[in-house]
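Visitor: My structure is in start_14.cif, and what it holds is mmCIF, C-alpha atoms:
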data_query
loop_
_atom_site.group_PDB
_atom_site.id
_atom_site.type_symbol
_atom_site.label_atom_id
_atom_site.label_comp_id
_atom_site.auth_asym_id
_atom_site.auth_seq_id
_atom_site.Cartn_x
_atom_site.Cartn_y
_atom_site.Cartn_z
ATOM 1 C CA MET A 128 -71.376 1.562 -60.732
ATOM 2 C CA THR A 129 -68.338 -0.174 -62.199
ATOM 3 C CA ALA A 130 -65.965 1.495 -64.664
ATOM 4 C CA LEU A 131 -63.567 -0.176 -67.063
ATOM 5 C CA VAL A 132 -60.497 2.039 -67.392
ATOM 6 C CA VAL A 133 -58.162 1.385 -70.335
ATOM 7 C CA SER A 134 -54.699 2.905 -70.545
ATOM 8 C CA THR A 135 -55.204 3.703 -74.224
ATOM 9 C CA TRP A 136 -57.765 3.031 -76.926
ATOM 10 C CA GLU A 137 -54.925 1.907 -79.201
ATOM 11 C CA LEU A 138 -54.609 -1.503 -77.534
ATOM 12 C CA PRO A 139 -56.312 -4.161 -79.706
ATOM 13 C CA ALA A 140 -58.607 -5.342 -76.907
ATOM 14 C CA SER A 141 -59.588 -1.936 -75.484
ATOM 15 C CA ARG A 142 -62.642 -1.256 -77.649
ATOM 16 C CA PRO A 143 -64.073 -4.809 -77.600
ATOM 17 C CA LEU A 144 -63.710 -4.876 -73.805
ATOM 18 C CA ALA A 145 -65.326 -1.433 -73.568
ATOM 19 C CA ALA A 146 -68.263 -2.549 -75.727
ATOM 20 C CA ALA A 147 -68.747 -5.612 -73.524
ATOM 21 C CA ALA A 148 -68.521 -3.439 -70.396
ATOM 22 C CA ARG A 149 -71.206 -1.058 -71.622
ATOM 23 C CA LEU A 150 -73.547 -3.984 -72.257
ATOM 24 C CA LEU A 151 -73.160 -4.796 -68.565
ATOM 25 C CA GLY A 152 -74.068 -1.237 -67.637
ATOM 26 C CA TRP A 153 -70.479 -0.257 -66.792
ATOM 27 C CA ASN A 154 -68.801 2.972 -67.765
ATOM 28 C CA ALA A 155 -65.793 2.717 -70.096
ATOM 29 C CA LEU A 156 -63.111 5.392 -69.807
ATOM 30 C CA ALA A 157 -59.611 6.170 -70.980
ATOM 31 C CA LEU A 158 -57.038 6.514 -68.212
ATOM 32 C CA GLU A 159 -56.826 10.298 -68.493
ATOM 33 C CA GLU A 160 -60.585 10.526 -67.846
ATOM 34 C CA ALA A 161 -60.561 8.383 -64.713
ATOM 35 C CA SER A 162 -60.044 9.203 -61.064
ATOM 36 C CA PRO A 163 -60.675 7.289 -57.839
ATOM 37 C CA GLY A 164 -64.164 7.811 -56.505
ATOM 38 C CA ALA A 165 -67.418 6.045 -55.871
ATOM 39 C CA GLU A 166 -67.099 3.726 -58.878
ATOM 40 C CA LYS A 167 -65.508 0.302 -58.696
ATOM 41 C CA ILE A 168 -62.593 0.481 -61.143
ATOM 42 C CA VAL A 169 -61.422 -2.349 -63.383
ATOM 43 C CA PHE A 170 -58.132 -1.588 -65.159
ATOM 44 C CA TYR A 171 -56.787 -2.912 -68.443
ATOM 45 C CA GLY A 172 -53.669 -1.478 -70.007
ATOM 46 C CA GLY A 173 -50.101 -1.538 -71.149
ATOM 47 C CA THR A 174 -47.228 -2.764 -69.034
ATOM 48 C CA ASP A 175 -45.547 0.653 -69.207
ATOM 49 C CA VAL A 176 -48.256 2.420 -67.210
ATOM 50 C CA ALA A 177 -49.815 -0.353 -65.113
ATOM 51 C CA MET A 178 -48.149 0.512 -61.812
ATOM 52 C CA SER A 179 -48.555 4.278 -62.130
ATOM 53 C CA ALA A 180 -52.209 3.769 -63.096
ATOM 54 C CA ALA A 181 -52.755 1.503 -60.097
ATOM 55 C CA ALA A 182 -51.226 4.081 -57.754
ATOM 56 C CA ARG A 183 -53.315 6.886 -59.203
ATOM 57 C CA LEU A 184 -56.548 4.867 -59.119
ATOM 58 C CA ARG A 185 -55.757 3.331 -55.704
ATOM 59 C CA LEU A 186 -55.922 -0.186 -57.055
ATOM 60 C CA SER A 187 -54.232 -3.390 -56.009
ATOM 61 C CA LEU A 188 -53.550 -5.517 -59.066
ATOM 62 C CA LEU A 189 -53.374 -9.271 -58.472
ATOM 63 C CA GLU A 190 -50.931 -11.454 -60.410
ATOM 64 C CA PRO A 191 -48.930 -14.705 -60.195
ATOM 65 C CA THR A 192 -45.586 -14.570 -58.409
ATOM 66 C CA PHE A 193 -42.455 -14.663 -60.565
ATOM 67 C CA ASP A 194 -41.463 -18.149 -59.398
ATOM 68 C CA THR A 195 -44.812 -19.937 -59.779
ATOM 69 C CA LEU A 196 -43.949 -21.621 -63.078
ATOM 70 C CA ALA A 197 -40.665 -22.950 -61.684
ATOM 71 C CA LYS A 198 -42.467 -24.311 -58.615
ATOM 72 C CA LEU A 199 -44.891 -26.490 -60.559
ATOM 73 C CA PRO A 200 -44.343 -30.258 -60.475
ATOM 74 C CA MET A 201 -42.669 -31.636 -63.590
ATOM 75 C CA GLU A 202 -45.906 -33.240 -64.803
ATOM 76 C CA PHE A 203 -47.391 -29.762 -65.330
ATOM 77 C CA ARG A 204 -44.390 -28.083 -66.979
ATOM 78 C CA CYS A 205 -42.760 -31.047 -68.796
ATOM 79 C CA ARG A 206 -39.380 -29.318 -68.993
ATOM 80 C CA ASN A 207 -36.709 -27.985 -66.653
ATOM 81 C CA ILE A 208 -37.447 -24.419 -65.482
ATOM 82 C CA GLU A 209 -35.510 -22.253 -63.038
ATOM 83 C CA LEU A 210 -36.038 -18.790 -61.591
ATOM 84 C CA ALA A 211 -32.744 -16.867 -61.622
ATOM 85 C CA CYS A 212 -31.366 -13.337 -61.846
ATOM 86 C CA PHE A 213 -29.994 -11.586 -64.910
ATOM 87 C CA GLY A 214 -26.561 -11.660 -63.324
ATOM 88 C CA ASP A 215 -26.703 -15.467 -63.284
ATOM 89 C CA LEU A 216 -26.787 -15.601 -67.080
ATOM 90 C CA VAL A 217 -22.985 -15.472 -67.226
ATOM 91 C CA ARG A 218 -23.091 -19.219 -66.563
ATOM 92 C CA LEU A 219 -25.060 -20.039 -69.715
ATOM 93 C CA LYS A 220 -23.194 -22.729 -71.651
ATOM 94 C CA SER A 221 -25.887 -24.462 -73.704
ATOM 95 C CA PRO A 222 -28.948 -23.191 -75.599
ATOM 96 C CA THR A 223 -31.512 -22.060 -73.026
ATOM 97 C CA PHE A 224 -34.858 -20.333 -73.350
ATOM 98 C CA VAL A 225 -34.563 -17.107 -71.341
ATOM 99 C CA LYS A 226 -37.305 -14.572 -70.614
ATOM 100 C CA PRO A 227 -37.855 -11.750 -68.118
ATOM 101 C CA ALA A 228 -39.860 -13.123 -65.191
ATOM 102 C CA ASP A 229 -41.606 -9.792 -64.592
ATOM 103 C CA ALA A 230 -44.298 -9.117 -67.205
ATOM 104 C CA LEU A 231 -43.949 -5.380 -66.509
ATOM 105 C CA ASN A 232 -40.205 -5.276 -67.106
ATOM 106 C CA LYS A 233 -39.578 -6.853 -70.500
ATOM 107 C CA SER A 234 -36.039 -5.566 -70.716
ATOM 108 C CA PHE A 235 -35.066 -8.001 -73.476
ATOM 109 C CA ASP A 236 -36.766 -10.282 -75.958
ATOM 110 C CA ALA A 237 -37.539 -13.786 -74.761
ATOM 111 C CA GLY A 238 -35.704 -16.368 -76.820
ATOM 112 C CA ILE A 239 -33.131 -19.125 -76.935
ATOM 113 C CA TYR A 240 -29.670 -17.922 -75.935
ATOM 114 C CA GLN A 241 -26.354 -19.680 -75.434
ATOM 115 C CA SER A 242 -24.461 -16.681 -74.050
ATOM 116 C CA VAL A 243 -25.464 -13.559 -72.148
ATOM 117 C CA ARG A 244 -23.474 -11.600 -74.743
ATOM 118 C CA ASN A 245 -26.197 -12.393 -77.288
ATOM 119 C CA ILE A 246 -28.940 -10.734 -75.218
ATOM 120 C CA ARG A 247 -29.739 -7.202 -76.370
ATOM 121 C CA THR A 248 -31.341 -5.320 -73.519
ATOM 122 C CA GLN A 249 -33.929 -2.693 -74.491
ATOM 123 C CA GLN A 250 -33.963 -0.795 -71.210
ATOM 124 C CA LYS A 251 -32.132 -0.677 -67.923
ATOM 125 C CA VAL A 252 -31.649 -4.123 -66.423
ATOM 126 C CA THR A 253 -29.858 -4.910 -63.164
ATOM 127 C CA LYS A 254 -28.044 -8.046 -62.081
ATOM 128 C CA GLU A 255 -30.939 -8.684 -59.691
ATOM 129 C CA SER A 256 -33.662 -8.542 -62.373
ATOM 130 C CA PRO A 257 -35.585 -11.849 -62.248
ATOM 131 C CA VAL A 258 -35.459 -14.146 -65.273
ATOM 132 C CA LEU A 259 -36.855 -17.584 -66.075
ATOM 133 C CA LEU A 260 -34.534 -20.172 -67.601
ATOM 134 C CA SER A 261 -36.144 -23.047 -69.433
ATOM 135 C CA GLU A 262 -35.139 -26.094 -71.388
ATOM 136 C CA PRO A 263 -35.979 -25.386 -75.058
ATOM 137 C CA VAL A 264 -38.946 -27.428 -76.342
ATOM 138 C CA GLU A 265 -41.189 -27.534 -79.416
ATOM 139 C CA TRP A 266 -44.852 -26.578 -78.909
ATOM 140 C CA SER A 267 -47.363 -27.934 -81.416
ATOM 141 C CA ALA A 268 -50.315 -25.986 -79.955
ATOM 142 C CA GLU A 269 -50.902 -23.206 -77.417
ATOM 143 C CA PHE A 270 -54.098 -21.890 -75.833
ATOM 144 C CA ARG A 271 -54.642 -18.714 -73.838
ATOM 145 C CA CYS A 272 -56.814 -19.330 -70.779
ATOM 146 C CA PHE A 273 -58.313 -16.667 -68.521
ATOM 147 C CA ILE A 274 -58.611 -18.115 -65.022
ATOM 148 C CA ARG A 275 -60.960 -16.984 -62.279
ATOM 149 C CA GLU A 276 -61.156 -18.916 -58.997
ATOM 150 C CA ARG A 277 -59.463 -21.985 -60.499
ATOM 151 C CA GLN A 278 -61.851 -22.179 -63.452
ATOM 152 C CA ILE A 279 -61.256 -21.380 -67.126
ATOM 153 C CA ALA A 280 -63.619 -18.462 -67.673
ATOM 154 C CA ALA A 281 -62.492 -17.652 -71.229
ATOM 155 C CA TRP A 282 -60.057 -19.143 -73.706
ATOM 156 C CA SER A 283 -58.664 -18.829 -77.194
ATOM 157 C CA PRO A 284 -56.452 -20.905 -79.476
ATOM 158 C CA TYR A 285 -53.193 -19.022 -79.664
ATOM 159 C CA ILE A 286 -50.489 -20.724 -81.711
ATOM 160 C CA SER A 287 -50.456 -23.857 -83.860
ATOM 161 C CA PHE A 288 -47.106 -25.286 -84.980
ATOM 162 C CA GLY A 289 -45.380 -21.961 -84.348
ATOM 163 C CA ARG A 290 -47.907 -19.794 -86.183
ATOM 164 C CA PRO A 291 -50.670 -17.590 -84.714
ATOM 165 C CA ASN A 292 -54.080 -19.204 -85.287
ATOM 166 C CA TRP A 293 -56.531 -16.992 -83.388
ATOM 167 C CA LYS A 294 -59.255 -14.846 -84.882
ATOM 168 C CA PRO A 295 -59.942 -11.375 -83.415
ATOM 169 C CA PHE A 296 -62.220 -11.411 -80.406
ATOM 170 C CA GLY A 297 -63.915 -14.711 -80.817
ATOM 171 C CA LEU A 298 -64.800 -14.802 -84.513
ATOM 172 C CA GLY A 299 -65.107 -18.522 -85.056
ATOM 173 C CA THR A 300 -63.843 -19.455 -81.572
ATOM 174 C CA LEU A 301 -66.813 -18.608 -79.364
ATOM 175 C CA THR A 302 -67.932 -22.146 -78.620
ATOM 176 C CA PRO A 303 -70.156 -22.797 -75.610
ATOM 177 C CA ASN A 304 -67.760 -25.288 -74.013
ATOM 178 C CA THR A 305 -64.096 -25.117 -73.104
ATOM 179 C CA PRO A 306 -62.164 -27.908 -74.889
ATOM 180 C CA ALA A 307 -62.064 -31.080 -72.804
ATOM 181 C CA HIS A 308 -58.265 -31.329 -72.822
ATOM 182 C CA LEU A 309 -57.956 -27.844 -71.295
ATOM 183 C CA VAL A 310 -60.540 -28.632 -68.615
ATOM 184 C CA ALA A 311 -58.902 -31.942 -67.738
ATOM 185 C CA PHE A 312 -55.420 -30.427 -67.517
ATOM 186 C CA SER A 313 -56.460 -27.375 -65.487
ATOM 187 C CA THR A 314 -58.562 -29.500 -63.116
ATOM 188 C CA ARG A 315 -55.601 -31.736 -62.326
ATOM 189 C CA LEU A 316 -53.335 -28.712 -61.965
ATOM 190 C CA PHE A 317 -55.556 -26.814 -59.552
ATOM 191 C CA ASP A 318 -56.413 -29.935 -57.548
ATOM 192 C CA ARG A 319 -52.698 -30.523 -56.985
ATOM 193 C CA CYS A 320 -51.290 -26.990 -56.883
ATOM 194 C CA GLY A 321 -54.203 -24.586 -56.385
ATOM 195 C CA ASP A 322 -52.514 -22.729 -53.531
ATOM 196 C CA LEU A 323 -49.734 -21.569 -55.881
ATOM 197 C CA PHE A 324 -52.107 -19.441 -57.947
ATOM 198 C CA PRO A 325 -53.869 -16.093 -57.454
ATOM 199 C CA PRO A 326 -57.660 -15.950 -57.826
ATOM 200 C CA SER A 327 -57.424 -14.350 -61.267
ATOM 201 C CA PHE A 328 -54.716 -14.524 -63.940
ATOM 202 C CA VAL A 329 -53.836 -15.686 -67.472
ATOM 203 C CA MET A 330 -52.338 -19.100 -68.122
ATOM 204 C CA ASP A 331 -51.124 -20.319 -71.495
ATOM 205 C CA ILE A 332 -51.418 -24.097 -71.891
ATOM 206 C CA GLY A 333 -49.631 -25.929 -74.671
ATOM 207 C CA LEU A 334 -48.784 -29.320 -76.111
ATOM 208 C CA ILE A 335 -45.096 -30.251 -76.189
ATOM 209 C CA ASP A 336 -44.138 -32.729 -78.870
ATOM 210 C CA GLU A 337 -43.657 -36.224 -77.413
ATOM 211 C CA ARG A 338 -44.156 -34.973 -73.820
ATOM 212 C CA GLY A 339 -47.751 -33.856 -73.388
ATOM 213 C CA TRP A 340 -49.751 -30.888 -72.131
ATOM 214 C CA ALA A 341 -47.963 -28.296 -69.987
ATOM 215 C CA VAL A 342 -48.151 -24.734 -68.698
ATOM 216 C CA VAL A 343 -46.400 -22.433 -71.152
ATOM 217 C CA GLU A 344 -46.381 -19.291 -69.020
ATOM 218 C CA LEU A 345 -48.369 -17.268 -66.478
ATOM 219 C CA ASN A 346 -49.194 -13.564 -66.681
ATOM 220 C CA PRO A 347 -51.349 -10.863 -65.091
ATOM 221 C CA VAL A 348 -54.739 -10.613 -66.774
ATOM 222 C CA TRP A 349 -54.809 -6.795 -66.706
ATOM 223 C CA CYS A 350 -51.973 -6.478 -69.238
ATOM 224 C CA SER A 351 -52.393 -9.637 -71.318
ATOM 225 C CA GLY A 352 -53.614 -9.792 -74.878
ATOM 226 C CA VAL A 353 -57.204 -10.986 -75.172
ATOM 227 C CA LEU A 354 -56.581 -12.550 -78.603
ATOM 228 C CA GLY A 355 -59.687 -14.486 -79.669
ATOM 229 C CA ALA A 356 -61.247 -14.922 -76.227
ATOM 230 C CA ASP A 357 -64.771 -13.716 -75.474
ATOM 231 C CA PRO A 358 -64.354 -10.156 -74.087
ATOM 232 C CA HIS A 359 -67.590 -10.482 -72.085
ATOM 233 C CA LYS A 360 -66.138 -13.427 -70.169
ATOM 234 C CA VAL A 361 -62.699 -11.827 -69.866
ATOM 235 C CA LEU A 362 -64.266 -8.896 -67.986
ATOM 236 C CA ALA A 363 -65.146 -11.137 -65.033
ATOM 237 C CA VAL A 364 -61.510 -12.245 -64.790
ATOM 238 C CA LEU A 365 -60.303 -8.649 -65.028
ATOM 239 C CA GLU A 366 -62.726 -7.525 -62.342
ATOM 240 C CA ARG A 367 -61.460 -10.142 -59.877
ATOM 241 C CA ALA A 368 -57.837 -9.126 -60.489
ATOM 242 C CA CYS A 369 -58.464 -5.421 -59.761
ATOM 243 C CA GLN A 370 -59.147 -4.739 -56.092
ATOM 244 C CA SER A 371 -59.500 -1.469 -54.241
ATOM 245 C CA GLU A 372 -56.545 -0.739 -51.951
ATOM 246 C CA ARG A 373 -59.040 0.212 -49.258
ATOM 247 C CA ASN A 374 -60.887 -3.122 -49.362
ATOM 248 C CA LEU A 375 -58.030 -5.500 -50.153
ATOM 249 C CA SER A 376 -58.482 -8.771 -48.269
ATOM 250 C CA ILE A 377 -55.691 -10.487 -46.362
ATOM 251 C CA ALA A 378 -55.968 -13.483 -48.701
ATOM 252 C CA ASP A 379 -55.532 -11.274 -51.798
ATOM 253 C CA LYS A 380 -52.667 -9.229 -50.375
ATOM 254 C CA ARG A 381 -50.118 -11.976 -51.106
ATOM 255 C CA TRP A 382 -50.819 -11.585 -54.840
ATOM 256 C CA VAL A 383 -49.895 -7.898 -55.038
ATOM 257 C CA MET A 384 -46.314 -7.427 -56.215
ATOM 258 C CA ASP A 385 -44.194 -4.847 -54.389
ATOM 259 C CA ARG A 386 -43.106 -2.559 -57.214
ATOM 260 C CA GLN A 387 -42.609 1.169 -57.444
ATOM 261 C CA PRO A 388 -44.728 3.099 -59.976
ATOM 262 C CA SER A 389 -42.701 4.117 -63.031
#
In structure tokens, how does this file's structure come out?

Guide:
Amino acid sequence: MTALVVSTWELPASRPLAAAARLLGWNALALEEASPGAEKIVFYGGTDVAMSAAARLRLSLLEPTFDTLAKLPMEFRCRNIELACFGDLVRLKSPTFVKPADALNKSFDAGIYQSVRNIRTQQKVTKESPVLLSEPVEWSAEFRCFIRERQIAAWSPYISFGRPNWKPFGLGTLTPNTPAHLVAFSTRLFDRCGDLFPPSFVMDIGLIDERGWAVVELNPVWCSGVLGADPHKVLAVLERACQSERNLSIADKRWVMDRQPS
């Protein structure tokens, strides 16, 4: 038996994912109801409890490495991107898009900054905290893609000309086929750079004005918003990203970040 464990029912995607899980014959539980046992556990939850939940449930959660986006060839990112540390931000001299590289440690709001003095940290941040620095660009469209084994398993329009354009949990977006431009872009990306990616994750793909299609950002699937994607299809991506510590393969081990539970 498989069990979907959600950190809280208050997350927008928790109940739709739970309904989809029950249709598959899975159990669906809140975190406080769950414990490691005979069931295969699939976790979905907030960034604040992800690591403590994984430790308690004896899970290994797969995710992209912090530097993957910066490692991509220019044709797939279409702008300059660098992995740095928070302490490096003292050298900012021109407007730069800055965001925390760790999805579980969003210590400040991502945005365009010209000086580190303008960054308001929301929690403790060290000089060594990883950040991504990016050339500011204008996105005319963004799509959220749920990737399993180098294939787009689920997707949703995300933003159009700076405004959210998704409908909750697939209303109006559940088409049988993934848009051709997303398939073509992801096929080229994984053919060229497949070894840079874990077997299961979330990738936002967008269109940069006058430059073309590019990867916006990469995130763990188990803490990402589902938006308008089909929750039934998202479950398969979640399941692949949640592996038992006891049965973790050597190939998957490289995609487990070394963090301490909060």

Visitor: On this structure, which residues satisfy the PyMOL selection byres ((chain A and resi 143) around 12), written as JSON, numbers by chain?

Guide: {"A": [131, 133, 136, 137, 138, 139, 140, 141, 142, 144, 145, 146, 147, 148, 149, 150, 155, 171, 295, 296, 297, 352, 353, 354, 355, 356, 357, 358, 359, 360, 361, 362]}

Visitor: If I take CA of Ala230 in chain A and CA of Trp340 in chain A, how far is one from the other in Å, to one decimal?

Guide: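 Between CA of Ala230 in chain A and CA of Trp340 in chain A the gap works out to 23.0 Å.
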
Visitor: Using only C-alpha atoms, find the one residue out of A:Gly164, A:Val343, A:Val329, A:Val169 that sits nearest to Arg275 in chain A.

Guide: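 Ranked by minimum distance to Arg275 in chain A, first place goes to A:Val329.
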
Visitor: Of the residues A:Gln241, A:Ser187, A:Ser234, A:Ser179, which is the one nearest to Ser376 in chain A, using only C-alpha atoms?

Guide: A:Ser187

Visitor: Using only C-alpha atoms, which residues sit within 6 Å of Leu259 in chain A once same-chain residues fewer than 2 positions away are excluded, as number ranges by chain?

Guide: A: 209-210, 225-226, 228

Visitor: Pick the closest to Pro163 in chain A from A:Arg373, A:Val252, A:Ala341, A:Ile239: which is it, counting all atoms listed in the file?

Guide: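 Looking at the shortest contact to Pro163 in chain A, the residue is A:Arg373.
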
Visitor: Rounded to one decimal, what separation in Å do you get between CA of Pro227 in chain A and CA of Thr253 in chain A?

Guide: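 Separation between CA of Pro227 in chain A and CA of Thr253 in chain A: 11.6 Å.
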
Visitor: For this file, the PyMOL selection byres ((chain A and resi 365) around 9) selects which residues, as a list in words?

Guide: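 With the PyMOL selection byres ((chain A and resi 365) around 9) on this model, the match is Val169, Phe170, Tyr171, Phe273, Arg275, Ser327, Phe328, Val348, Trp349, Val361, Leu362, Ala363, Val364, Glu366, Arg367, Ala368 and Cys369 of chain A.
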